[in-house]
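First up is the structure itself, then whatever we jot down about it.
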Amino acid sequence: MKYSEARQGRVFIIRLEDGEIVHQIIEQFVQDHAIERAALFAVGGADKGSLLVVGPEESRSNPINPMVHELYDAHEITGTGTLFPDDKGKPILHMHMACGREENTVTGCIRNGVKVWQVMEIILTELLGNTAIRQYDPQTGFKLLEP
């Protein structure tokens with residue numbers, strides 16, 4: 001385990017609107033408001049055509065081949081995530097959402113593009129006094145959090 005400590009900064013209440021792509025809007029928002037690190041959660045709707053990474057094809061294969069799931073219609077969502085800069089200072093949102101419709105639910109990473117259906121509410125809490133970053137890991141191909 002690796003860890004570091006942070007303190008809470010500003011708290012933002014954000015409403016995303018119909019058709020916006022979640023990770024693009026949030027990453028632009030934090031740049032516009034000089035937020036380097038944050039924790040966030042979301043509730044609302046994801047639209048038809050949204051893409052979720054739902055796991056690797058094989059759990060211990062190398063290279064890792066992600067599986068992508070496309071939502072077939074509007075889904076209710078709840079999500080949680082973190083935001084840290086990469087080694088070049090670019091803010092990177094890592095967020096997972098559970099997306100449900102009737103009795104079906106799928107959970108995955110939103111990085112490939114989740115589109116807002118009507119409205120999505122985000123509570124974003126800035127994290128201060130911390131230097132954690134996401135660094136590229138050649139073994140996994142991921143930008144891993146280095147606390």
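Chain lettering (A, B, ...) mirrors the order of the structure tokens, residue numbering begins at 1 for each chain separately, and ligand numbering begins at 1 in order of display.
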Practice task
Extract, using only C-alpha atoms, all DNA, RNA and protein residues at most 8 Å from range 86-100 of chain A, discarding same-chain residues fewer than 4 positions from it, and format them as a PyMOL selection string.
Solution key: chain A and resi 23+26-27+30-31+36-37+46+75-82+104-111+133-136+143
Would you write out those residues with C-alpha atoms, as a short mmCIF file (atom, residue, chain, number, x, y, z; two decimals), in the first residue's frame?
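Generated output (selection.cif):
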data_model
loop_
_atom_site.label_atom_id
_atom_site.label_comp_id
_atom_site.auth_asym_id
_atom_site.auth_seq_id
_atom_site.Cartn_x
_atom_site.Cartn_y
_atom_site.Cartn_z
CA HIS A 23 -14.88 13.32 -18.28
CA ILE A 26 -15.03 17.81 -15.56
CA GLU A 27 -11.42 17.92 -16.77
CA VAL A 30 -10.91 21.79 -13.01
CA GLN A 31 -8.50 23.51 -15.39
CA GLU A 36 -5.29 20.05 -9.22
CA ARG A 37 -6.70 17.19 -7.16
CA ALA A 46 -26.38 8.45 -18.86
CA HIS A 75 -29.79 4.64 -17.67
CA GLU A 76 -29.90 5.97 -14.11
CA ILE A 77 -26.39 6.37 -12.69
CA THR A 78 -24.42 6.73 -9.53
CA GLY A 79 -20.68 7.23 -9.72
CA THR A 80 -17.60 8.06 -7.75
CA GLY A 81 -14.13 9.09 -8.78
CA THR A 82 -10.85 10.85 -8.22
CA ASN A 104 -30.21 -4.54 -15.39
CA THR A 105 -27.08 -2.81 -14.10
CA VAL A 106 -23.63 -2.44 -15.60
CA THR A 107 -20.65 -0.88 -13.83
CA GLY A 108 -17.51 0.44 -15.45
CA CYS A 109 -15.00 3.20 -16.05
CA ILE A 110 -16.34 6.25 -17.92
CA ARG A 111 -13.08 7.12 -19.71
CA ILE A 133 0.09 12.28 -9.49
CA ARG A 134 -0.82 9.68 -12.09
CA GLN A 135 2.31 8.15 -13.64
CA TYR A 136 2.44 5.89 -16.67
CA LYS A 143 -1.55 5.96 -15.53
#
Practice task
Fewer than 5 positions away in the same chain doesn't count, so skip those; otherwise give me all residues within 10 Å of Glu20 in chain A, counting only C-alpha atoms, as a VMD selection string.
Solution key: chain A and resid 25 to 26 46 to 47 113 to 120
Problem - Which of chain A fall in alpha helix (DSSP H), as a PyMOL selection string - result: chain A and resi 22-32
Handout entry: Residue among A:Ala6, A:Val68, A:Met1, A:Ile123 lying closest to Ala42 in chain A, counting only C-alpha atoms
Key = A:Ile123
Practice task
Provide the CA of Phe142 in chain A to CA of Thr125 in chain A distance in Å, to one decimal place.
Solution key: 24.1 Å
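All residues of protein, DNA or RNA that reach within 8 Å of Ile14 in chain A, judged by only C-alpha atoms and not counting those fewer than 6 positions away in the chain, are A:Glu121, A:Ile122, A:Ile123, A:Leu124.
We find CA of Ser50 in chain A and CA of Ala74 in chain A to be spaced 8.9 Å apart.
The strand (DSSP E) portion of range 7-44 of chain A consists of Arg7, Gln8, Gly9, Arg10, Val11, Phe12, Ile13, Ile14, Arg15, Leu16, Glu17, Ala38, Ala39, Leu40, Phe41, Ala42, Val43 and Gly44 of chain A, with states taken from DSSP on the backbone.
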Taking 6 positions as the minimum chain separation for residues in the same chain, which residues sit within 12 Å of Arg60 in chain A when counting only C-alpha atoms? Answer as a PDB file with C-alpha atoms, in the first residue's frame.
ATOM      1  CA  PRO A  66     -10.255  -3.689 -22.257  1.00  0.00           C
ATOM      2  CA  GLN A 139       3.624  -3.028 -17.337  1.00  0.00           C
ATOM      3  CA  THR A 140      -0.129  -2.275 -17.266  1.00  0.00           C
TER       4      THR A 140
END
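Take CA of Lys48 in chain A and CA of Phe29 in chain A: the distance between them is 23.9 Å.
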Exercise for the section: Select, from A:Pro147, A:Pro63, A:Pro138, A:Pro85, the residue with the minimum atom-to-atom distance to Ala34 in chain A, counting only C-alpha atoms. Expected result: A:Pro85
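With distances restricted to only C-alpha atoms, A:Glu126 is the closest residue to His33 in chain A from A:Gln8, A:Phe84, A:Leu51, A:Glu126.
The closest residue to Gly44 in chain A, picked from A:Glu58, A:Glu146, A:Glu17, A:Asp32 and counting only C-alpha atoms, is A:Glu17.
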